[in-house]
Every structure is written in structure tokens, then in C-alpha cells.
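Note: the block below is data18.tsv and it holds TSV, C-alpha atoms.
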chain	number	residue	atom	x	y	z
M	163	MET	CA	-13.68	14.70	59.07
M	164	LYS	CA	-11.46	11.74	59.83
M	165	ILE	CA	-7.71	12.08	59.49
M	166	LEU	CA	-5.93	9.14	57.90
M	167	LYS	CA	-3.04	7.65	59.78
M	168	PRO	CA	0.28	8.58	58.09
M	169	ILE	CA	1.17	5.08	56.86
M	170	PHE	CA	-2.36	4.46	55.61
M	171	ALA	CA	-2.40	7.82	53.84
M	172	ILE	CA	0.99	7.24	52.24
M	173	ARG	CA	-0.11	3.82	51.02
M	174	HIS	CA	-3.22	5.36	49.40
M	175	LEU	CA	-1.10	8.03	47.76
M	176	GLU	CA	1.17	5.32	46.34
M	177	ILE	CA	-1.85	3.46	44.96
M	178	PHE	CA	-3.29	6.66	43.51
M	179	ALA	CA	0.04	7.56	41.88
M	180	GLY	CA	0.26	4.08	40.41
M	181	LEU	CA	-3.24	4.37	38.98
M	182	VAL	CA	-2.47	7.75	37.45
M	183	LEU	CA	0.68	6.37	35.83
M	184	SER	CA	-1.18	3.31	34.57
M	185	VAL	CA	-3.92	5.46	33.03
M	186	PHE	CA	-1.30	7.68	31.40
M	187	LEU	CA	0.55	4.73	29.88
M	188	PHE	CA	-2.71	3.04	28.85
M	189	ASN	CA	-3.93	6.17	27.07
M	190	SER	CA	-0.56	6.54	25.34
M	191	ILE	CA	-1.01	3.10	23.81
M	192	LEU	CA	-4.79	3.34	23.35
M	193	HIS	CA	-4.74	6.20	20.89
M	194	ALA	CA	-2.67	4.01	18.60
M	195	SER	CA	-4.96	0.97	18.49
M	196	GLY	CA	-7.76	2.01	16.18
M	197	PRO	CA	-9.94	5.07	15.66
M	198	HIS	CA	-12.05	5.27	18.81
M	199	ARG	CA	-15.64	6.16	18.02
M	200	GLU	CA	-18.51	5.80	20.45
M	201	PRO	CA	-21.27	4.00	18.47
M	202	ALA	CA	-23.85	6.37	19.95
M	203	ASN	CA	-22.06	9.25	18.21
M	204	VAL	CA	-21.77	7.59	14.79
M	205	ALA	CA	-24.14	9.03	12.17
M	206	GLY	CA	-23.23	6.57	9.41
M	207	PRO	CA	-21.89	7.10	5.87
M	208	ASP	CA	-25.30	7.87	4.36
M	209	ALA	CA	-25.57	10.94	6.58
M	210	CYS	CA	-22.24	12.21	5.23
M	211	GLY	CA	-23.31	11.32	1.69
M	212	GLU	CA	-26.25	13.73	1.77
M	213	CYS	CA	-23.76	16.46	0.91
M	214	HIS	CA	-20.65	14.51	-0.12
M	215	LYS	CA	-22.34	12.45	-2.84
M	216	GLU	CA	-19.25	12.05	-5.03
M	217	SER	CA	-17.04	11.05	-2.10
M	218	LEU	CA	-19.63	8.47	-1.01
M	219	LYS	CA	-19.74	7.05	-4.55
M	220	LEU	CA	-15.95	6.70	-4.65
M	221	TRP	CA	-15.87	5.13	-1.18
M	222	LYS	CA	-18.30	2.45	-2.38
M	223	LEU	CA	-15.71	1.41	-4.96
M	224	SER	CA	-12.98	0.97	-2.34
M	225	LYS	CA	-11.85	-1.94	-0.20
M	226	HIS	CA	-12.83	0.11	2.84
M	227	PHE	CA	-16.41	-0.38	1.66
M	228	THR	CA	-16.31	-3.93	0.27
M	229	GLU	CA	-14.62	-5.39	3.36
M	230	TYR	CA	-17.95	-5.13	5.19
M	231	LYS	CA	-19.20	-8.18	3.30
M	232	LYS	CA	-15.96	-9.85	2.30
M	233	MET	CA	-13.71	-9.62	5.34
M	234	SER	CA	-15.69	-11.82	7.74
M	235	LYS	CA	-15.99	-14.52	5.05
M	236	SER	CA	-12.30	-14.69	4.13
M	237	LYS	CA	-10.30	-17.76	5.10
M	238	GLU	CA	-7.50	-15.61	6.50
M	239	ALA	CA	-9.84	-13.63	8.76
M	240	ARG	CA	-11.56	-16.78	9.99
M	241	ALA	CA	-8.23	-18.44	10.74
M	242	ILE	CA	-7.10	-15.42	12.79
M	243	ALA	CA	-10.44	-15.28	14.61
M	244	LYS	CA	-10.24	-18.99	15.45
M	245	GLU	CA	-6.76	-18.61	16.95
M	246	LEU	CA	-8.04	-15.78	19.12
M	247	GLY	CA	-11.25	-17.54	20.15
M	248	ILE	CA	-13.49	-15.08	18.29
M	249	LYS	CA	-16.73	-16.62	17.05
M	250	ARG	CA	-18.38	-13.61	15.43
M	251	ILE	CA	-15.98	-11.30	13.61
M	252	LYS	CA	-18.52	-8.46	13.25
M	253	LYS	CA	-19.63	-8.50	16.88
M	254	PHE	CA	-18.97	-5.17	18.56
M	255	GLY	CA	-16.33	-5.39	21.26
M	256	ASN	CA	-13.95	-7.86	19.66
M	257	ILE	CA	-10.55	-6.89	18.34
M	258	CYS	CA	-11.59	-7.01	14.66
M	259	VAL	CA	-14.41	-4.49	14.73
M	260	ASN	CA	-12.60	-1.28	15.64
M	261	CYS	CA	-10.51	-1.17	12.48
M	262	HIS	CA	-12.48	-3.21	9.96
M	263	PHE	CA	-16.01	-1.98	10.65
M	264	THR	CA	-18.10	1.02	11.63
M	265	SER	CA	-20.57	0.51	14.49
M	266	SER	CA	-23.63	2.54	15.44
M	267	ILE	CA	-26.83	2.29	17.49
M	268	VAL	CA	-29.58	0.55	15.53
M	269	GLN	CA	-32.91	-0.03	17.32
M	270	ASP	CA	-31.25	0.49	20.71
M	271	LYS	CA	-28.51	-2.05	19.98
M	272	VAL	CA	-24.90	-1.61	18.88
M	273	LYS	CA	-24.45	-3.08	15.41
M	274	THR	CA	-21.87	-2.93	12.65
M	275	ILE	CA	-23.32	-0.90	9.79
M	276	ALA	CA	-20.42	-0.54	7.34
M	277	GLY	CA	-16.79	-1.26	6.70
M	278	THR	CA	-14.13	1.39	7.27
M	279	ALA	CA	-16.18	4.50	6.52
M	280	CYS	CA	-16.21	8.32	6.64
M	281	GLU	CA	-16.18	8.56	10.43
M	282	SER	CA	-13.24	6.16	10.72
M	283	CYS	CA	-11.09	8.97	9.35
M	284	HIS	CA	-13.04	12.14	10.14
M	285	GLY	CA	-14.45	11.38	13.60
M	286	ALA	CA	-17.88	10.30	14.85
M	287	GLY	CA	-20.31	12.72	13.24
M	288	LYS	CA	-23.43	13.14	15.38
M	289	PRO	CA	-21.91	15.87	17.60
M	290	TRP	CA	-20.91	18.01	14.61
M	291	ILE	CA	-22.72	16.97	11.44
M	292	LYS	CA	-25.50	19.59	11.76
M	293	LEU	CA	-22.99	22.32	12.57
M	294	HIS	CA	-20.86	21.26	9.63
M	295	SER	CA	-23.76	21.48	7.15
M	296	ASP	CA	-25.26	24.75	8.42
M	297	PHE	CA	-24.17	27.46	5.99
M	298	GLY	CA	-25.92	30.27	7.81
M	299	GLY	CA	-29.59	29.41	7.87
M	300	LYS	CA	-32.23	26.95	6.66
M	301	ASP	CA	-32.16	27.90	2.99
M	302	MET	CA	-28.50	28.94	2.74
M	303	LYS	CA	-26.22	27.11	0.29
M	304	ALA	CA	-22.46	26.63	0.59
M	305	LYS	CA	-21.83	29.10	-2.24
M	306	ASP	CA	-23.75	31.81	-0.35
M	307	GLU	CA	-22.04	31.38	3.02
M	308	VAL	CA	-20.25	34.46	4.31
M	309	PRO	CA	-16.54	33.99	5.16
M	310	ALA	CA	-16.92	34.80	8.86
M	311	HIS	CA	-19.67	32.19	9.26
M	312	LYS	CA	-17.56	29.59	7.46
M	313	VAL	CA	-14.63	30.15	9.81
M	314	GLU	CA	-16.88	29.87	12.86
M	315	ARG	CA	-18.68	26.82	11.43
M	316	TYR	CA	-15.42	24.94	10.98
M	317	ARG	CA	-14.16	26.05	14.40
M	318	LYS	CA	-17.25	24.74	16.16
M	319	SER	CA	-17.32	21.52	14.12
M	320	GLU	CA	-13.69	20.76	14.93
M	321	ALA	CA	-14.31	21.51	18.59
M	322	GLU	CA	-17.00	18.80	18.50
M	323	GLY	CA	-14.67	16.24	16.92
M	324	LEU	CA	-14.58	16.81	13.15
M	325	ILE	CA	-11.17	15.90	11.69
M	326	ARG	CA	-10.79	17.87	8.47
M	327	GLN	CA	-8.44	17.01	5.61
M	328	SER	CA	-6.42	20.09	6.57
M	329	ASN	CA	-5.70	18.42	9.91
M	330	LEU	CA	-2.93	16.25	8.49
M	331	TYR	CA	-1.81	14.99	11.88
M	332	GLY	CA	-5.33	13.91	12.89
M	333	ILE	CA	-6.02	12.14	9.58
M	334	ALA	CA	-2.63	10.40	9.64
M	335	GLN	CA	-3.13	9.32	13.24
M	336	ASN	CA	-6.37	7.56	12.32
M	337	CYS	CA	-4.67	5.86	9.36
M	338	TYR	CA	-1.85	4.59	11.54
M	339	SER	CA	-4.14	3.53	14.36
M	340	CYS	CA	-5.34	0.70	12.10
M	341	HIS	CA	-2.61	0.17	9.54
M	342	PHE	CA	0.16	-0.12	12.14
M	343	ILE	CA	-0.71	-3.17	14.27
M	344	LEU	CA	0.06	-2.58	17.93
M	345	ASN	CA	-1.31	-5.77	19.43
M	346	GLU	CA	1.25	-8.45	20.21
M	347	LYS	CA	-1.31	-11.22	20.69
M	348	LEU	CA	-3.02	-10.43	17.40
M	349	VAL	CA	0.27	-10.96	15.56
M	350	ASN	CA	2.04	-13.68	17.55
M	351	GLN	CA	-0.98	-15.83	18.40
M	352	GLY	CA	-3.55	-14.79	15.81
M	353	GLY	CA	-1.11	-14.71	12.91
M	354	HIS	CA	-2.26	-11.28	11.71
M	355	SER	CA	0.33	-9.75	9.41
M	356	VAL	CA	2.32	-6.67	10.37
M	357	ASP	CA	1.62	-4.32	7.47
M	358	LYS	CA	5.14	-3.56	6.27
M	359	GLU	CA	3.89	-2.08	3.01
M	360	PHE	CA	1.85	0.75	4.52
M	361	GLU	CA	3.20	4.15	3.49
M	362	LEU	CA	1.03	7.19	4.08
M	363	LEU	CA	1.54	9.00	0.77
M	364	SER	CA	1.08	5.92	-1.45
M	365	TRP	CA	-2.01	4.71	0.40
M	366	THR	CA	-3.79	8.08	0.44
M	367	GLN	CA	-3.24	8.73	-3.27
M	368	GLY	CA	-4.75	5.46	-4.50
M	369	GLU	CA	-8.36	4.34	-4.22
M	370	VAL	CA	-9.07	6.20	-0.96
M	371	ARG	CA	-8.19	9.58	-2.49
M	372	HIS	CA	-11.76	10.84	-3.15
M	373	ASN	CA	-10.45	14.37	-3.66
M	374	VAL	CA	-13.58	15.68	-5.36
M	375	TYR	CA	-15.05	18.28	-3.02
M	376	TYR	CA	-12.61	21.09	-3.73
M	377	SER	CA	-11.45	20.10	-7.21
M	378	LYS	CA	-12.84	18.65	-10.43
M	379	GLY	CA	-12.18	14.94	-10.75
M	380	ASN	CA	-10.43	12.70	-8.28
M	381	GLN	CA	-7.10	14.51	-8.55
M	382	GLU	CA	-3.97	13.56	-6.61
M	383	ALA	CA	-2.88	15.97	-3.91
M	384	PRO	CA	-0.63	18.91	-4.85
M	385	VAL	CA	3.08	18.20	-4.55
M	386	GLU	CA	3.33	20.28	-1.37
M	387	ARG	CA	0.72	18.08	0.30
M	388	ARG	CA	2.43	14.94	-0.98
M	389	ARG	CA	5.72	16.06	0.56
M	390	MET	CA	4.00	16.47	3.91
M	391	LEU	CA	2.19	13.12	3.66
M	392	PHE	CA	5.52	11.42	3.03
M	393	LEU	CA	7.36	13.28	5.77
M	394	VAL	CA	4.66	13.01	8.43
M	395	GLY	CA	4.26	9.33	7.57
M	396	LYS	CA	7.91	8.62	8.31
M	397	MET	CA	7.64	10.39	11.65
M	398	PHE	CA	4.57	8.28	12.48
M	399	ASP	CA	6.50	5.14	11.47
M	400	LEU	CA	9.04	5.84	14.19
M	401	ASP	CA	6.43	6.95	16.72
M	402	TYR	CA	4.32	3.81	16.32
M	403	ALA	CA	7.27	1.44	16.12
M	404	TYR	CA	8.26	2.63	19.59
M	405	ARG	CA	4.68	2.16	20.80
M	406	GLY	CA	4.93	-1.37	19.45
M	407	MET	CA	8.16	-1.95	21.33
M	408	ALA	CA	6.40	-0.68	24.46
M	409	VAL	CA	3.77	-3.44	24.32
M	410	ALA	CA	6.13	-6.22	23.19
M	411	THR	CA	6.85	-8.72	25.96
M	412	LYS	CA	8.89	-11.42	24.23
M	413	GLU	CA	11.16	-12.00	21.28
M	414	ALA	CA	8.87	-13.17	18.50
M	415	THR	CA	7.37	-11.98	15.21
M	416	PHE	CA	5.81	-8.85	16.69
M	417	SER	CA	8.83	-7.50	18.58
M	418	GLU	CA	11.16	-8.32	15.68
M	419	ALA	CA	8.93	-6.42	13.26
M	420	MET	CA	8.81	-3.38	15.56
M	421	ALA	CA	12.60	-3.33	16.00
M	422	LYS	CA	13.14	-3.64	12.25
M	423	ARG	CA	10.70	-0.77	11.65
M	424	VAL	CA	12.63	1.48	14.04
M	425	LYS	CA	15.94	0.73	12.33
M	426	ALA	CA	14.57	1.09	8.80
M	427	THR	CA	12.78	4.36	9.57
M	428	LYS	CA	15.86	5.78	11.22
M	429	LEU	CA	17.79	5.29	7.96
M	430	VAL	CA	15.05	7.05	5.97
M	431	LEU	CA	14.93	9.97	8.41
M	432	GLU	CA	18.71	10.31	8.23
M	433	LYS	CA	18.42	10.69	4.47
M	434	ILE	CA	15.59	13.20	4.90
M	435	ALA	CA	17.67	15.20	7.41
M	436	GLY	CA	20.40	15.45	4.78
M	437	LEU	CA	17.97	17.04	2.34
M	438	ILE	CA	15.88	19.46	4.41
M	439	ASP	CA	16.31	21.61	7.49
M	440	SER	CA	13.80	20.31	10.06
M	441	ALA	CA	14.25	20.63	13.81
M	442	GLU	CA	11.46	18.07	14.30
M	443	VAL	CA	13.23	15.43	12.22
M	444	ARG	CA	16.46	16.08	14.11
M	445	VAL	CA	14.66	15.55	17.41
M	446	ALA	CA	13.27	12.23	16.17
M	447	LEU	CA	16.74	11.10	15.10
M	448	ASN	CA	18.25	12.13	18.42
M	449	ILE	CA	15.68	9.98	20.17
M	450	ALA	CA	16.35	7.04	17.84
M	451	ASN	CA	20.09	7.31	18.48
M	452	ARG	CA	19.58	7.43	22.24
M	453	ILE	CA	17.00	4.66	22.84
M	454	LYS	CA	18.17	1.05	22.94
M	455	LEU	CA	15.77	-1.57	21.61
M	456	ASN	CA	15.62	-3.71	24.72
M	457	LEU	CA	12.38	-5.47	25.64
M	458	ASN	CA	10.54	-4.48	28.81
M	459	SER	CA	11.57	-0.83	28.53
M	460	ARG	CA	7.97	0.31	28.32
M	461	ASP	CA	8.32	3.68	30.02
M	462	SER	CA	11.24	4.84	27.87
M	463	PHE	CA	9.55	3.69	24.66
M	464	ILE	CA	6.32	5.51	25.52
M	465	LYS	CA	8.25	8.66	26.41
M	466	ALA	CA	10.14	8.45	23.11
M	467	ALA	CA	6.91	7.94	21.14
M	468	ASP	CA	5.14	10.82	22.86
M	469	ASP	CA	8.08	13.17	22.24
M	470	ILE	CA	8.15	12.20	18.56
M	471	ALA	CA	4.36	12.66	18.37
M	472	ALA	CA	4.60	16.20	19.74
M	473	ASN	CA	7.22	17.05	17.10
M	474	THR	CA	5.18	15.36	14.35
M	475	LYS	CA	2.17	17.48	15.25
M	476	ARG	CA	4.25	20.65	14.90
M	477	LEU	CA	5.80	19.43	11.66
M	478	ALA	CA	2.37	18.61	10.19
M	479	GLU	CA	1.43	22.30	10.37
M	480	ASN	CA	4.04	23.06	7.69
M	481	ASP	CA	2.77	23.79	4.19
M	482	GLY	CA	5.51	21.78	2.47
M	483	MET	CA	6.59	24.71	0.30
M	484	GLY	CA	10.18	24.68	1.54
M	485	PHE	CA	10.69	20.93	1.23
M	486	SER	CA	11.16	20.56	-2.53
M	487	ALA	CA	14.40	18.65	-1.89
M	488	LEU	CA	12.20	15.73	-0.80
M	489	ASP	CA	10.69	15.30	-4.25
M	490	SER	CA	13.31	12.78	-5.29
M	491	MET	CA	12.21	10.53	-2.41
M	492	LEU	CA	8.46	10.67	-3.04
M	493	PRO	CA	6.80	7.47	-4.31
M	494	MET	CA	5.74	7.79	-7.94
M	495	SER	CA	2.14	7.26	-9.05
M	496	ASP	CA	2.84	3.64	-10.06
M	497	LYS	CA	3.39	2.94	-6.36
M	498	TYR	CA	0.02	4.31	-5.26
M	499	ARG	CA	-2.11	1.73	-3.47
M	500	GLY	CA	-5.11	0.59	-5.49
M	501	LYS	CA	-6.86	1.88	-8.58
M	502	VAL	CA	-7.94	5.52	-8.52
M	503	SER	CA	-11.68	5.77	-9.15
M	504	GLN	CA	-13.23	8.54	-11.23
Mind turning this structure into C-alpha cells?
Amino acid sequence: MKILKPIFAIRHLEIFAGLVLSVFLFNSILHASGPHREPANVAGPDACGECHKESLKLWKLSKHFTEYKKMSKSKEARAIAKELGIKRIKKFGNICVNCHFTSSIVQDKVKTIAGTACESCHGAGKPWIKLHSDFGGKDMKAKDEVPAHKVERYRKSEAEGLIRQSNLYGIAQNCYSCHFILNEKLVNQGGHSVDKEFELLSWTQGEVRHNVYYSKGNQEAPVERRRMLFLVGKMFDLDYAYRGMAVATKEATFSEAMAKRVKATKLVLEKIAGLIDSAEVRVALNIANRIKLNLNSRDSFIKAADDIAANTKRLAENDGMGFSALDSMLPMSDKYRGKVSQ
């Protein structure tokens, strides 16, 4: 075994440390730039629809479904693609596909098969879809499943990547990974809008609700769930605004939008902190009061975002029962995004 000379060894350690840091920072940004699904693991919406027939029907009435045909033909999308040098909007690998389309393996090739679909929110299904639909044997129905088997079935499915509705943090993270643009070039050069209107509660209680599996009709979420959607959404606003500041390199539309989002969210969280007792919200505010919005402060912004994310994950486990004081801040049904389908 050869022994490296001290200087040579130190230099390699420096390079290795730099690579580790780069990977850490890259991953911190990456998880916020679209739901990452390996096409080979995508089963497709029809596979989900074998059991979730009503949810599939409602999805087909939503913009998440219709954008598959409409988006690539729109003048706005084509103008953005032209500015970015993209010739085929639906081609896997370009910046448009990860959020606007679902890709899978078709005849040994990666192809877009749908718009924003089931697995965009709930995770690529091939690793878990059979586990998820096994109620205890070949001829067993959901109504006949024993409680212990159900618990184990969900545990195994989640271990393989299923993101259930009960996993509020995971669902919200996938929403924000697309609806909160974190690509400076896409905004400044491409002209893509920064979605200032996105608000988690309003957008999950409109046409994407499809709450039909556990209740009759496409009912809105219970007030406790709505409180948590609102609260977790505001924490994600701050988290992702800092991730945006981390990738901003110059004063322009993108960086200005991120800075404004930080300031606006801070004001909302201050109001929330005056209504409820939440250690996680206080931590987020302490971070916001400490961090200065100076460009090229990547490391501090990523650290701030990761700390807020850790607190958001803990907060998302709350049942919302003790947060009734938030009800006055919740968006009313006339603010829900899109028409609710029945």
C-alpha cells in the first residue's frame, strides 16, 4: 500500500471536503426544484385509477390533466422555451418536463405520458403500488383487511416511497417544488412568472381536492386540516424564499421576488405568532430577524432554509386542534383555486 505524501494527501482531503460540501448544497437546492421521479419507477395514472376511480375522474377535469395537451401549444410556454433555447417542450430532460409532465418508460424509451399526475404528488408508484393494493391476499377486499395488516401495508408502502395525504409535509413539499420557482435563469431570461398567488390551503381546496376516498363527495378538508395547510404553507413560503435567495446571483426580477417573499411571509408569521403558541414559528421568525438579504450569501441562506424545514416537518405532525385562533386568517372558500369538481 502506497502512502501519500503529506501535501498531496492534504490537497486530496481539501478536494474531497469541497465535493462533499458541494453535494450537500446541491441536494439542499435540488429537493426544491420539482418532484424528482425516476421514469423507470413511474407506473402512470391509469395504474392508480384501477382502485382510485373517482380520484382519477376528478383529476381528468383539472388543469393538472389538461396541461398535457395545452401547455406545449400555448404562446407563453413557447415564448419561454424560445428564450431558453428549448425546441421540444415535452422532451424529457429539459427544464419544463419535471413540473409540467409525468414521464415513464414506454417501449424502452423515456416519454412524457401525462401532465401533472398522481405520482407528482404521491411519489413514483412502481416500488409500492402492489404493496399498497394488497389487502391481505389475492381475493381480499379493503373492507375485509385486518387492522394489523393495514398498518404494516402502509408502513411498507411508505418505506418504498408512497407519500400519503396524512404526510402533510411530504405533500406540501411536492407542491412547493413546482409552484415556487427556484430557477433564476427560468425567470430572468425565460420570463417565467414567479407564482406570487400560490397559497397551499387555497390551491389544495379547489379543483385538485379529489377528497373522495374517505368521504362521500369531494368535500373540503376539515377545519383542523385547513389550519395546518395554511400554517405549514407559510413556513414553506419562508423556507423556499431563502432557497431562492441562495441561488440568486444578481439584482433582477428573481432576486427581488425572493426578497419580497421573505419580507411578506415574515409579517404573516408575526401575526400567526401573536395568535398561537408555536415554538416552530418562533424559530422561523428568529431566523428571519437574524438573516440579512444580501446576495451571494448562499451558505447562510441554505442553513436558514434547512433549519426552517426541520421545524416545519415537526410542526406538520400537529393535528391542528389547538390552533383555532388561526381561523380568522384562513382563506374563505371564494378564494379557493379553481372550480371544485363533483
Shell of 12 Å around stretch 440-449 of chain M, all atoms listed in the file, local chain residues under 5 positions omitted, as a PyMOL selection string | chain M and resi 393-401+404+424-425+427-435+454-455+462-480+482+484-485+488
Work out how far atom CA of M:Ser266 is from atom CA of M:Glu245, in Å to one decimal.
->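 These two atoms are separated by 27.1 Å.
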Protein, DNA and RNA residues within 8 Å of (-0.8, 6.0, 4.9), all atoms listed in the file, as a ChimeraX atom specification = /M:334,337-338,341,360-366,391,395
Excluding same-chain residues fewer than 2 positions from M:Gly285, what lies within 9 Å of it counting only C-alpha atoms, as JSON, numbers by chain?
-> {"M": [197, 198, 199, 204, 280, 281, 282, 283, 287, 323, 324, 325]}
4 Å per side around stretch 239-254 of chain M: axis-aligned box centre and edge lengths, as JSON:
{"center_x": -13.2, "center_y": -12.1, "center_z": 14.5, "size_x": 20.9, "size_y": 21.8, "size_z": 19.4}
For atom CA of M:His262 and atom CA of M:Asp208, the interatomic separation in Å (one decimal) | 17.8 Å
Would you mind telling me which residue in M:Thr415, M:Ser486, M:Gln351, M:Asn451 lies nearest to M:Ile438 when using only C-alpha atoms?
->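 Of the candidates, the smallest distance to M:Ile438 is held by M:Ser486.
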If you measure from atom CA of M:Gly368 to atom CA of M:Glu382, what distance in Å do you get, rounded to one decimal?
->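 Between atom CA of M:Gly368 and atom CA of M:Glu382 the gap is 8.4 Å.
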Among the residues M:Thr411, M:Ser224, M:Ser339, M:Asn350, the one that comes closest to M:Asn260 [using all atoms listed in the file] |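 Ranking M:Thr411, M:Ser224, M:Ser339, M:Asn350 by distance to M:Asn260, first place goes to M:Ser339.
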Pick from M:Met390, M:Gly352, M:Glu346, M:Lys288: nearest to M:Ala410, with all atoms listed in the file counted?
-> M:Glu346
Select, from M:Gln504, M:Ala403, M:Arg389, M:Asp461, the residue with the minimum atom-to-atom distance to M:Met491, counting all atoms listed in the file.
->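 When distances to M:Met491 are compared using all atoms listed in the file, the smallest one comes from M:Arg389.
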Find the residue from M:Ala304, M:Val374, M:Met420, M:Ile291 that sits nearest to M:Lys358; use only C-alpha atoms when measuring.
->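 Of the candidates, the smallest distance to M:Lys358 is held by M:Met420.
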Reconstruct N, CA, C and O atoms of stretch 245-266 of chain M; output as a tab-separated table (two decimals), keeping the file's coordinate frame.
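selection.tsv, freshly written:
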chain	number	residue	atom	x	y	z
M	245	GLU	N	-7.92	-18.59	16.05
M	245	GLU	CA	-6.76	-18.61	16.95
M	245	GLU	C	-6.99	-17.74	18.17
M	245	GLU	O	-6.44	-18.01	19.25
M	246	LEU	N	-7.79	-16.70	18.02
M	246	LEU	CA	-8.04	-15.78	19.12
M	246	LEU	C	-9.32	-16.09	19.88
M	246	LEU	O	-9.69	-15.39	20.82
M	247	GLY	N	-10.02	-17.14	19.47
M	247	GLY	CA	-11.25	-17.54	20.15
M	247	GLY	C	-12.43	-16.62	19.85
M	247	GLY	O	-13.36	-16.53	20.66
M	248	ILE	N	-12.41	-15.98	18.69
M	248	ILE	CA	-13.49	-15.08	18.29
M	248	ILE	C	-14.47	-15.84	17.40
M	248	ILE	O	-14.08	-16.37	16.36
M	249	LYS	N	-15.72	-15.89	17.81
M	249	LYS	CA	-16.73	-16.62	17.05
M	249	LYS	C	-17.43	-15.76	16.01
M	249	LYS	O	-17.78	-16.23	14.93
M	250	ARG	N	-17.68	-14.51	16.35
M	250	ARG	CA	-18.38	-13.61	15.43
M	250	ARG	C	-17.51	-12.40	15.15
M	250	ARG	O	-17.35	-11.53	16.01
M	251	ILE	N	-16.94	-12.34	13.96
M	251	ILE	CA	-15.98	-11.30	13.61
M	251	ILE	C	-16.60	-9.90	13.67
M	251	ILE	O	-15.94	-8.94	14.07
M	252	LYS	N	-17.86	-9.78	13.29
M	252	LYS	CA	-18.52	-8.46	13.25
M	252	LYS	C	-19.12	-8.03	14.59
M	252	LYS	O	-19.71	-6.95	14.67
M	253	LYS	N	-19.01	-8.84	15.60
M	253	LYS	CA	-19.63	-8.50	16.88
M	253	LYS	C	-18.87	-7.37	17.55
M	253	LYS	O	-17.67	-7.44	17.76
M	254	PHE	N	-19.60	-6.33	17.93
M	254	PHE	CA	-18.97	-5.17	18.56
M	254	PHE	C	-18.28	-5.59	19.87
M	254	PHE	O	-18.84	-6.35	20.66
M	255	GLY	N	-17.08	-5.10	20.05
M	255	GLY	CA	-16.33	-5.39	21.26
M	255	GLY	C	-15.14	-6.29	21.03
M	255	GLY	O	-14.21	-6.31	21.84
M	256	ASN	N	-15.13	-7.04	19.90
M	256	ASN	CA	-13.95	-7.86	19.66
M	256	ASN	C	-12.89	-7.05	18.93
M	256	ASN	O	-13.13	-5.95	18.44
M	257	ILE	N	-11.72	-7.62	18.83
M	257	ILE	CA	-10.55	-6.89	18.34
M	257	ILE	C	-10.64	-6.52	16.87
M	257	ILE	O	-9.97	-5.61	16.39
M	258	CYS	N	-11.49	-7.24	16.11
M	258	CYS	CA	-11.59	-7.01	14.66
M	258	CYS	C	-12.39	-5.75	14.31
M	258	CYS	O	-12.10	-5.07	13.32
M	259	VAL	N	-13.40	-5.48	15.11
M	259	VAL	CA	-14.41	-4.49	14.73
M	259	VAL	C	-13.87	-3.07	14.64
M	259	VAL	O	-14.21	-2.32	13.72
M	260	ASN	N	-13.00	-2.68	15.56
M	260	ASN	CA	-12.60	-1.28	15.64
M	260	ASN	C	-11.94	-0.76	14.38
M	260	ASN	O	-12.13	0.40	14.00
M	261	CYS	N	-11.17	-1.61	13.71
M	261	CYS	CA	-10.51	-1.17	12.48
M	261	CYS	C	-11.28	-1.54	11.22
M	261	CYS	O	-11.30	-0.76	10.26
M	262	HIS	N	-11.89	-2.71	11.20
M	262	HIS	CA	-12.48	-3.21	9.96
M	262	HIS	C	-13.93	-2.78	9.74
M	262	HIS	O	-14.43	-2.91	8.63
M	263	PHE	N	-14.58	-2.29	10.78
M	263	PHE	CA	-16.01	-1.98	10.65
M	263	PHE	C	-16.37	-0.66	11.34
M	263	PHE	O	-15.62	-0.15	12.17
M	264	THR	N	-17.52	-0.15	10.98
M	264	THR	CA	-18.10	1.02	11.63
M	264	THR	C	-19.34	0.56	12.38
M	264	THR	O	-20.19	-0.14	11.82
M	265	SER	N	-19.44	0.93	13.65
M	265	SER	CA	-20.57	0.51	14.49
M	265	SER	C	-21.40	1.71	14.90
M	265	SER	O	-20.88	2.80	15.12
M	266	SER	N	-22.71	1.48	15.02
M	266	SER	CA	-23.63	2.54	15.44
M	266	SER	C	-24.78	1.91	16.23
M	266	SER	O	-24.86	0.70	16.36
